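Asker: Following this line is input_28.txt, made up of compact mmCIF, C-alpha atoms and all ligand atoms:
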# COMPACT_ATOMS: atom_id res chain seq x y z
CA MET A 1 -1.37 -4.66 -39.29
CA ASN A 2 1.11 -4.96 -42.19
CA GLN A 3 4.86 -4.78 -42.87
CA LYS A 4 4.92 -1.03 -42.38
CA HIS A 5 3.58 -1.33 -38.86
CA HIS A 6 5.98 -1.05 -35.96
CA ILE A 7 5.66 -3.46 -33.03
CA VAL A 8 7.62 -2.39 -29.98
CA PHE A 9 8.21 -4.95 -27.23
CA PHE A 10 9.09 -3.86 -23.73
CA THR A 11 10.29 -6.84 -21.74
CA GLY A 12 11.33 -7.62 -18.18
CA ALA A 13 12.53 -10.53 -16.10
CA GLY A 14 9.22 -12.43 -16.51
CA ILE A 15 9.95 -13.24 -20.17
CA SER A 16 13.09 -15.16 -19.19
CA GLN A 17 11.55 -16.91 -16.17
CA GLU A 18 10.51 -19.93 -18.24
CA SER A 19 14.11 -20.18 -19.47
CA GLY A 20 15.13 -20.78 -15.85
CA ILE A 21 16.28 -17.25 -14.97
CA GLU A 22 14.91 -15.88 -11.69
CA THR A 23 12.93 -12.64 -11.65
CA PHE A 24 13.71 -9.92 -9.10
CA ARG A 25 10.54 -9.28 -7.11
CA ASP A 26 8.59 -12.56 -7.23
CA THR A 27 8.67 -14.86 -4.17
CA ASN A 28 12.18 -16.29 -4.05
CA GLY A 29 13.23 -13.72 -6.66
CA LEU A 30 16.74 -12.29 -6.61
CA TRP A 31 15.84 -9.25 -4.49
CA HIS A 32 14.22 -11.46 -1.84
CA ASN A 33 17.46 -13.29 -1.30
CA HIS A 34 19.81 -10.32 -1.49
CA LYS A 35 19.94 -6.76 -0.26
CA VAL A 36 19.72 -4.59 -3.37
CA GLU A 37 22.03 -1.92 -1.96
CA ASP A 38 24.75 -4.52 -1.29
CA ILE A 39 24.96 -5.87 -4.81
CA ALA A 40 23.33 -3.40 -7.18
CA SER A 41 24.85 -0.08 -6.19
CA LYS A 42 28.17 1.68 -6.55
CA ASP A 43 28.45 1.92 -2.76
CA GLY A 44 27.96 -1.83 -2.38
CA PHE A 45 30.67 -2.42 -5.01
CA GLU A 46 33.12 -0.10 -3.30
CA LYS A 47 32.51 -1.77 0.08
CA ASN A 48 32.69 -5.36 -1.07
CA PRO A 49 33.75 -5.67 -4.72
CA GLN A 50 34.28 -9.45 -4.85
CA VAL A 51 30.80 -10.14 -3.41
CA VAL A 52 29.28 -7.98 -6.15
CA LEU A 53 31.47 -9.50 -8.88
CA ASP A 54 30.53 -13.01 -7.69
CA PHE A 55 26.82 -12.18 -7.77
CA TYR A 56 27.08 -11.19 -11.46
CA ASN A 57 29.52 -14.05 -12.22
CA GLN A 58 26.81 -16.45 -11.03
CA ARG A 59 24.12 -14.64 -13.05
CA ARG A 60 26.37 -14.91 -16.14
CA GLU A 61 26.79 -18.65 -15.60
CA VAL A 62 23.03 -19.19 -15.30
CA VAL A 63 22.34 -17.18 -18.45
CA GLU A 64 25.03 -18.99 -20.46
CA LYS A 65 23.28 -22.30 -19.74
CA ALA A 66 19.76 -20.96 -20.42
CA GLN A 67 18.02 -21.12 -23.78
CA PRO A 68 15.54 -18.67 -25.32
CA ASN A 69 11.92 -19.81 -24.89
CA LEU A 70 8.90 -19.65 -27.18
CA ALA A 71 8.16 -16.05 -26.21
CA HIS A 72 11.64 -14.87 -27.28
CA ASN A 73 11.36 -16.99 -30.43
CA LEU A 74 7.93 -15.66 -31.45
CA ILE A 75 9.12 -12.07 -31.01
CA ALA A 76 12.07 -12.78 -33.33
CA SER A 77 9.85 -14.50 -35.90
CA LEU A 78 7.58 -11.45 -36.19
CA GLU A 79 10.45 -9.66 -37.96
CA ASP A 80 9.46 -11.57 -41.12
CA ARG A 81 6.25 -9.57 -41.26
CA TYR A 82 6.61 -6.36 -39.28
CA LYS A 83 9.12 -3.77 -38.19
CA VAL A 84 10.02 -5.00 -34.68
CA SER A 85 11.96 -3.28 -31.91
CA VAL A 86 12.75 -4.81 -28.53
CA ILE A 87 13.45 -2.64 -25.52
CA THR A 88 14.44 -4.84 -22.61
CA GLN A 89 15.26 -4.29 -18.97
CA ASN A 90 16.92 -7.71 -18.98
CA VAL A 91 20.67 -8.12 -18.86
CA ASP A 92 20.57 -11.58 -20.49
CA ASP A 93 21.06 -12.08 -24.23
CA LEU A 94 18.11 -14.39 -24.88
CA HIS A 95 16.40 -11.99 -27.31
CA GLU A 96 19.55 -11.85 -29.42
CA ARG A 97 20.04 -15.61 -29.26
CA ALA A 98 16.42 -16.10 -30.37
CA GLY A 99 17.27 -14.02 -33.47
CA SER A 100 15.91 -10.55 -32.69
CA SER A 101 18.03 -8.05 -34.57
CA ASN A 102 16.95 -4.82 -32.96
CA VAL A 103 17.41 -5.08 -29.19
CA MET A 104 18.10 -2.24 -26.77
CA HIS A 105 19.21 -3.06 -23.22
CA LEU A 106 18.14 -0.35 -20.81
CA HIS A 107 19.88 -1.83 -17.76
CA GLY A 108 23.08 -3.12 -19.33
CA GLU A 109 24.31 -6.54 -20.42
CA LEU A 110 25.84 -9.43 -18.47
CA ASN A 111 28.13 -10.40 -21.32
CA LYS A 112 29.91 -7.06 -21.21
CA CYS A 113 32.08 -5.44 -18.57
CA ARG A 114 33.47 -1.96 -18.20
CA SER A 115 35.92 0.33 -16.52
CA SER A 116 34.73 1.50 -13.11
CA LYS A 117 36.02 5.00 -13.90
CA ASN A 118 34.83 5.49 -17.48
CA SER A 119 31.37 4.21 -18.48
CA HIS A 120 32.34 4.39 -22.18
CA LEU A 121 35.17 1.85 -21.84
CA ILE A 122 33.08 -1.28 -22.44
CA TYR A 123 34.35 -4.76 -23.38
CA PRO A 124 32.67 -8.02 -24.44
CA TYR A 125 33.02 -10.46 -21.56
CA THR A 126 32.41 -14.11 -20.74
CA GLY A 127 33.91 -15.74 -17.65
CA SER A 128 34.34 -14.70 -14.03
CA LEU A 129 35.51 -11.24 -13.06
CA LYS A 130 37.91 -10.94 -10.13
CA VAL A 131 39.20 -8.08 -8.02
CA GLY A 132 42.43 -7.11 -9.79
CA ASP A 133 41.05 -7.50 -13.36
CA LEU A 134 41.75 -4.10 -14.84
CA ALA A 135 40.47 -1.96 -17.71
CA GLU A 136 42.87 -0.11 -20.05
CA ASP A 137 42.65 2.94 -17.82
CA GLY A 138 43.96 0.90 -14.86
CA SER A 139 40.63 0.86 -13.01
CA GLN A 140 38.88 -2.25 -11.68
CA LEU A 141 36.61 -3.91 -14.26
CA ARG A 142 32.95 -4.08 -13.21
CA PRO A 143 29.85 -5.61 -14.78
CA HIS A 144 28.22 -3.49 -17.51
CA ILE A 145 25.04 -3.18 -15.44
CA VAL A 146 23.11 -0.04 -14.55
CA TRP A 147 23.03 0.00 -10.77
CA PHE A 148 20.53 1.84 -8.60
CA GLY A 149 21.27 5.56 -8.60
CA GLU A 150 23.06 5.37 -11.97
CA GLU A 151 21.86 7.02 -15.16
CA VAL A 152 19.85 4.98 -17.68
CA VAL A 153 21.60 6.46 -20.70
CA GLU A 154 19.46 4.68 -23.31
CA ILE A 155 16.14 6.00 -22.01
CA GLU A 156 15.85 8.91 -24.50
CA LYS A 157 16.32 6.53 -27.44
CA ALA A 158 13.81 4.13 -25.90
CA ILE A 159 11.25 6.95 -25.64
CA GLU A 160 11.79 7.85 -29.31
CA ILE A 161 11.27 4.24 -30.38
CA THR A 162 8.14 3.94 -28.23
CA GLN A 163 6.69 7.12 -29.74
CA THR A 164 6.62 5.41 -33.16
CA ALA A 165 4.85 2.22 -31.99
CA ASP A 166 1.64 1.02 -33.65
CA LEU A 167 1.48 -1.86 -31.19
CA PHE A 168 3.27 -1.79 -27.80
CA ILE A 169 3.63 -5.16 -26.09
CA ILE A 170 4.81 -5.33 -22.49
CA ILE A 171 5.91 -8.74 -21.21
CA GLY A 172 6.86 -9.87 -17.71
CA THR A 173 7.72 -6.71 -15.89
CA SER A 174 6.43 -5.23 -12.64
CA MET A 175 6.91 -1.75 -14.23
CA VAL A 176 8.13 -0.39 -10.88
CA VAL A 177 11.70 0.58 -11.79
CA GLN A 178 12.06 4.10 -13.18
CA PRO A 179 12.56 5.60 -15.66
CA ALA A 180 11.84 2.37 -17.59
CA GLY A 181 8.44 1.92 -15.95
CA SER A 182 7.25 5.23 -17.39
CA LEU A 183 7.84 4.28 -21.04
CA LEU A 184 4.14 3.53 -21.32
CA LEU A 185 3.51 7.28 -21.16
CA SER A 186 5.27 7.65 -24.52
CA VAL A 187 3.03 5.22 -26.42
CA PRO A 188 1.00 7.15 -29.05
CA VAL A 189 -2.64 7.61 -27.98
CA ASP A 190 -3.98 5.73 -31.01
CA ALA A 191 -1.65 2.71 -30.56
CA GLN A 192 -2.81 -0.53 -28.95
CA THR A 193 -0.98 -1.77 -25.84
CA VAL A 194 -0.92 -5.40 -24.71
CA TYR A 195 0.40 -6.38 -21.27
CA ILE A 196 1.32 -10.04 -20.79
CA ASP A 197 2.20 -10.89 -17.19
CA LEU A 198 1.49 -13.68 -14.71
CA ASN A 199 0.44 -11.19 -12.08
CA PRO A 200 -0.62 -7.91 -13.71
CA ASP A 201 -1.95 -5.23 -11.38
CA VAL A 202 -4.03 -3.50 -14.07
CA GLU A 203 -7.14 -4.51 -16.01
CA ASP A 204 -8.20 -4.08 -19.64
CA GLY A 205 -8.79 -0.44 -20.55
CA ILE A 206 -9.06 1.85 -23.56
CA ASN A 207 -6.42 0.57 -26.02
CA LEU A 208 -5.10 -1.78 -23.31
CA LEU A 209 -5.45 -5.56 -23.43
CA VAL A 210 -4.20 -7.48 -20.40
CA LEU A 211 -3.30 -11.17 -20.73
CA LYS A 212 -2.76 -12.75 -17.31
CA GLU A 213 -0.58 -15.55 -18.61
CA LYS A 214 2.94 -16.86 -18.68
CA ALA A 215 5.02 -15.15 -21.35
CA THR A 216 5.05 -18.18 -23.68
CA VAL A 217 1.29 -18.76 -23.41
CA GLY A 218 0.44 -15.07 -23.76
CA MET A 219 2.70 -14.60 -26.79
CA LYS A 220 1.29 -17.69 -28.52
CA GLN A 221 -2.25 -16.47 -27.90
CA LEU A 222 -1.40 -12.96 -29.09
CA VAL A 223 0.19 -14.15 -32.33
CA GLU A 224 -2.64 -16.62 -33.08
CA ASP A 225 -5.47 -14.21 -32.29
CA TYR A 226 -4.12 -10.85 -33.43
CA LEU A 227 -1.08 -11.39 -35.68
CA PRO A 228 -1.92 -14.56 -37.65
CA TYR A 229 -0.01 -15.56 -40.79
P1 LIG B 1 10.39 -7.93 -11.58
O1 LIG B 1 10.94 -9.10 -10.83
O2 LIG B 1 10.18 -6.66 -10.84
O3 LIG B 1 8.99 -8.35 -12.21
C1 LIG B 1 8.84 -9.56 -12.91
C2 LIG B 1 7.44 -9.59 -13.50
O4 LIG B 1 7.34 -10.79 -14.27
C3 LIG B 1 6.31 -9.61 -12.46
O5 LIG B 1 5.33 -8.67 -12.85
C4 LIG B 1 5.79 -11.07 -12.53
O6 LIG B 1 4.39 -11.14 -12.30
C5 LIG B 1 6.11 -11.43 -13.97
N1 LIG B 1 6.36 -12.87 -14.25
C6 LIG B 1 7.01 -13.79 -13.52
N2 LIG B 1 7.11 -14.95 -14.17
C7 LIG B 1 6.49 -14.79 -15.37
C8 LIG B 1 6.27 -15.59 -16.52
N3 LIG B 1 6.71 -16.84 -16.59
N4 LIG B 1 5.60 -15.05 -17.56
C9 LIG B 1 5.15 -13.75 -17.52
N5 LIG B 1 5.33 -12.94 -16.47
C10 LIG B 1 6.00 -13.44 -15.41
O7 LIG B 1 11.33 -7.72 -12.86
P2 LIG B 1 11.47 -6.44 -13.80
O8 LIG B 1 10.18 -5.70 -13.91
O9 LIG B 1 12.14 -6.88 -15.03
O10 LIG B 1 17.18 -3.78 -12.75
O11 LIG B 1 12.47 -5.58 -12.93
C11 LIG B 1 12.94 -4.36 -13.43
C12 LIG B 1 14.34 -4.11 -12.97
O12 LIG B 1 14.42 -4.29 -11.56
C13 LIG B 1 15.37 -5.10 -13.49
O13 LIG B 1 15.80 -4.77 -14.80
C14 LIG B 1 16.47 -5.00 -12.50
C15 LIG B 1 15.69 -4.92 -11.22
O14 LIG B 1 16.25 -4.18 -10.21
C16 LIG B 1 18.51 -3.75 -12.57
O15 LIG B 1 19.16 -4.69 -12.14
C17 LIG B 1 19.13 -2.45 -12.92
What do you get writing this file as structure tokens?
Answerer:
Amino acid sequence: MNQKHHIVFFTGAGISQESGIETFRDTNGLWHNHKVEDIASKDGFEKNPQVVLDFYNQRREVVEKAQPNLAHNLIASLEDRYKVSVITQNVDDLHERAGSSNVMHLHGELNKCRSSKNSHLIYPYTGSLKVGDLAEDGSQLRPHIVWFGEEVVEIEKAIEITQTADLFIIIGTSMVVQPAGSLLLSVPVDAQTVYIDLNPDVEDGINLLVLKEKATVGMKQLVEDYLPY
């Protein structure tokens, strides 16, 4: 591996777990305590907008207080030596705060909000959204989050990035949400894939190394063993 090589990271909630942000599907994860259709769908928002706004207001508060962990930091530090792209399903900004400069958010971002009529009217946002907070077009502001049933507009770009990977590193995702979970199919056949997860449901295979570890431990091991200075 050298500076010309492209490392593509594909991250999920598990990478931010050690920063104190709950995952979705682990025991006591967010989806165990809430009905997905109530808080992560357009229907849920139309039925009970303040409940949905409050859910994301609380998420925003948690993320504001959280700090990037060693896994986020190591990913950022690899930019000194390689071309690095990060494709994340996470709506937190911990990759950016760790210093990664090339981050794509497939499922939106907590620190942005948008018009509920026009998905292109997006604003930076910190604070607590309320019913009655309006976009320029007069519609209710909503979190800039891709809800179930909505289009993942960035997926084509994510596929293109993945197709140029020399090394594809997946961290902390159950890989069950589509289309994100199918990105693996776009990894070039001669590229190596590494999957770091506390509870992976696959084993090592051809061009696939599985590290059953926490994100911080797995990333440290990966950098020391495969990407040393
Ligand atoms: P999940 O909650 O589905 O999966 C989290 C993964 O992280 C699991 O595979 C865990 O084993 C692993 N994990 C937990 N703690 C870990 C740690 N400290 N280190 C490493 N791995 C750990 O979260 P995602 O796969 O990210 O979408 O979920 C995908 C999407 O589902 C989310 O983006 C969200 C959700 O619905 C939207 O909200 C649109």
Asker: Which of these, A:Ile87, A:Ala98, A:Ile122, A:Leu70, has the shortest distance to Glu154 in chain A once you count all atoms listed in the file?
Answerer: A:Ile87
Asker: Can you pull out every residue with an atom within 9 Å of ligand LIG 1 (chain B)? Use only C-alpha atoms and all ligand atoms and format it as a compact mmCIF listing (two decimals) with C-alpha atoms, in the frame of the given file.
Answerer:
# COMPACT_ATOMS: atom_id res chain seq x y z
CA THR A 11 10.29 -6.84 -21.74
CA GLY A 12 11.33 -7.62 -18.18
CA ALA A 13 12.53 -10.53 -16.10
CA GLY A 14 9.22 -12.43 -16.51
CA ILE A 15 9.95 -13.24 -20.17
CA SER A 16 13.09 -15.16 -19.19
CA GLN A 17 11.55 -16.91 -16.17
CA GLU A 18 10.51 -19.93 -18.24
CA SER A 19 14.11 -20.18 -19.47
CA GLU A 22 14.91 -15.88 -11.69
CA THR A 23 12.93 -12.64 -11.65
CA PHE A 24 13.71 -9.92 -9.10
CA ARG A 25 10.54 -9.28 -7.11
CA ASP A 26 8.59 -12.56 -7.23
CA GLY A 29 13.23 -13.72 -6.66
CA LEU A 30 16.74 -12.29 -6.61
CA TRP A 31 15.84 -9.25 -4.49
CA VAL A 36 19.72 -4.59 -3.37
CA ALA A 40 23.33 -3.40 -7.18
CA THR A 88 14.44 -4.84 -22.61
CA GLN A 89 15.26 -4.29 -18.97
CA ASN A 90 16.92 -7.71 -18.98
CA VAL A 91 20.67 -8.12 -18.86
CA LEU A 106 18.14 -0.35 -20.81
CA HIS A 107 19.88 -1.83 -17.76
CA GLY A 108 23.08 -3.12 -19.33
CA ILE A 145 25.04 -3.18 -15.44
CA VAL A 146 23.11 -0.04 -14.55
CA TRP A 147 23.03 0.00 -10.77
CA PHE A 148 20.53 1.84 -8.60
CA GLU A 150 23.06 5.37 -11.97
CA VAL A 152 19.85 4.98 -17.68
CA ILE A 171 5.91 -8.74 -21.21
CA GLY A 172 6.86 -9.87 -17.71
CA THR A 173 7.72 -6.71 -15.89
CA SER A 174 6.43 -5.23 -12.64
CA MET A 175 6.91 -1.75 -14.23
CA VAL A 176 8.13 -0.39 -10.88
CA VAL A 177 11.70 0.58 -11.79
CA GLN A 178 12.06 4.10 -13.18
CA ALA A 180 11.84 2.37 -17.59
CA GLY A 181 8.44 1.92 -15.95
CA ILE A 196 1.32 -10.04 -20.79
CA ASP A 197 2.20 -10.89 -17.19
CA LEU A 198 1.49 -13.68 -14.71
CA ASN A 199 0.44 -11.19 -12.08
CA PRO A 200 -0.62 -7.91 -13.71
CA ASP A 201 -1.95 -5.23 -11.38
CA LYS A 212 -2.76 -12.75 -17.31
CA GLU A 213 -0.58 -15.55 -18.61
CA LYS A 214 2.94 -16.86 -18.68
CA ALA A 215 5.02 -15.15 -21.35
CA THR A 216 5.05 -18.18 -23.68
CA VAL A 217 1.29 -18.76 -23.41
CA GLY A 218 0.44 -15.07 -23.76
Asker: To one decimal place in Å, what is the distance between CA of Pro179 in chain A and CA of Cys113 in chain A?
Answerer: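 CA of Cys113 in chain A lies 22.6 Å from CA of Pro179 in chain A.
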Asker: Quick one: of A:Val8, A:Leu211, A:Val86, A:Val103, who's nearest to Ala191 in chain A, counting all atoms listed in the file?
Answerer: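 Of A:Val8, A:Leu211, A:Val86, A:Val103, the one nearest Ala191 in chain A, counting all atoms listed in the file, is A:Val8.
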Asker: With distances taken over only C-alpha atoms, which residue among A:Leu53, A:Val63, A:Val84, A:Leu183 lies nearest Gln140 in chain A?
Answerer: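 Smallest separation from Gln140 in chain A among the options: A:Leu53.
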Asker: Missing atoms in range 46-66 of chain A: can you complete it with N, CA and C atoms, as a compact mmCIF listing (two decimals), in the coordinates of the input?
Answerer:
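Written file, result.txt:
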# COMPACT_ATOMS: atom_id res chain seq x y z
N GLU A 46 31.92 -0.66 -3.93
CA GLU A 46 33.12 -0.10 -3.30
C GLU A 46 33.41 -0.78 -1.96
N LYS A 47 32.33 -1.13 -1.23
CA LYS A 47 32.51 -1.77 0.08
C LYS A 47 32.99 -3.21 -0.05
N ASN A 48 32.42 -3.93 -1.00
CA ASN A 48 32.69 -5.36 -1.07
C ASN A 48 32.72 -5.84 -2.52
N PRO A 49 33.77 -5.43 -3.26
CA PRO A 49 33.75 -5.67 -4.72
C PRO A 49 33.62 -7.14 -5.11
N GLN A 50 34.32 -8.04 -4.39
CA GLN A 50 34.28 -9.45 -4.85
C GLN A 50 32.88 -10.05 -4.67
N VAL A 51 32.17 -9.63 -3.62
CA VAL A 51 30.80 -10.14 -3.41
C VAL A 51 29.92 -9.72 -4.60
N VAL A 52 30.08 -8.48 -5.02
CA VAL A 52 29.28 -7.98 -6.15
C VAL A 52 29.70 -8.69 -7.44
N LEU A 53 31.01 -8.82 -7.67
CA LEU A 53 31.47 -9.50 -8.88
C LEU A 53 30.95 -10.94 -8.90
N ASP A 54 30.99 -11.61 -7.74
CA ASP A 54 30.53 -13.01 -7.69
C ASP A 54 29.04 -13.12 -8.00
N PHE A 55 28.26 -12.17 -7.49
CA PHE A 55 26.82 -12.18 -7.77
C PHE A 55 26.59 -12.17 -9.29
N TYR A 56 27.28 -11.27 -10.01
CA TYR A 56 27.08 -11.19 -11.46
C TYR A 56 27.78 -12.33 -12.19
N ASN A 57 28.89 -12.87 -11.62
CA ASN A 57 29.52 -14.05 -12.22
C ASN A 57 28.53 -15.21 -12.23
N GLN A 58 27.80 -15.36 -11.10
CA GLN A 58 26.81 -16.45 -11.03
C GLN A 58 25.66 -16.21 -12.01
N ARG A 59 25.21 -14.96 -12.10
CA ARG A 59 24.12 -14.64 -13.05
C ARG A 59 24.58 -15.00 -14.48
N ARG A 60 25.83 -14.65 -14.79
CA ARG A 60 26.37 -14.91 -16.14
C ARG A 60 26.38 -16.40 -16.43
N GLU A 61 26.76 -17.19 -15.42
CA GLU A 61 26.79 -18.65 -15.60
C GLU A 61 25.40 -19.21 -15.88
N VAL A 62 24.41 -18.72 -15.11
CA VAL A 62 23.03 -19.19 -15.30
C VAL A 62 22.54 -18.85 -16.71
N VAL A 63 22.82 -17.63 -17.14
CA VAL A 63 22.34 -17.18 -18.45
C VAL A 63 23.02 -17.96 -19.58
N GLU A 64 24.31 -18.25 -19.40
CA GLU A 64 25.03 -18.99 -20.46
C GLU A 64 24.39 -20.35 -20.70
N LYS A 65 23.88 -20.96 -19.61
CA LYS A 65 23.28 -22.30 -19.74
C LYS A 65 21.83 -22.24 -20.21
N ALA A 66 21.19 -21.08 -20.08
CA ALA A 66 19.76 -20.96 -20.42
C ALA A 66 19.57 -20.87 -21.94
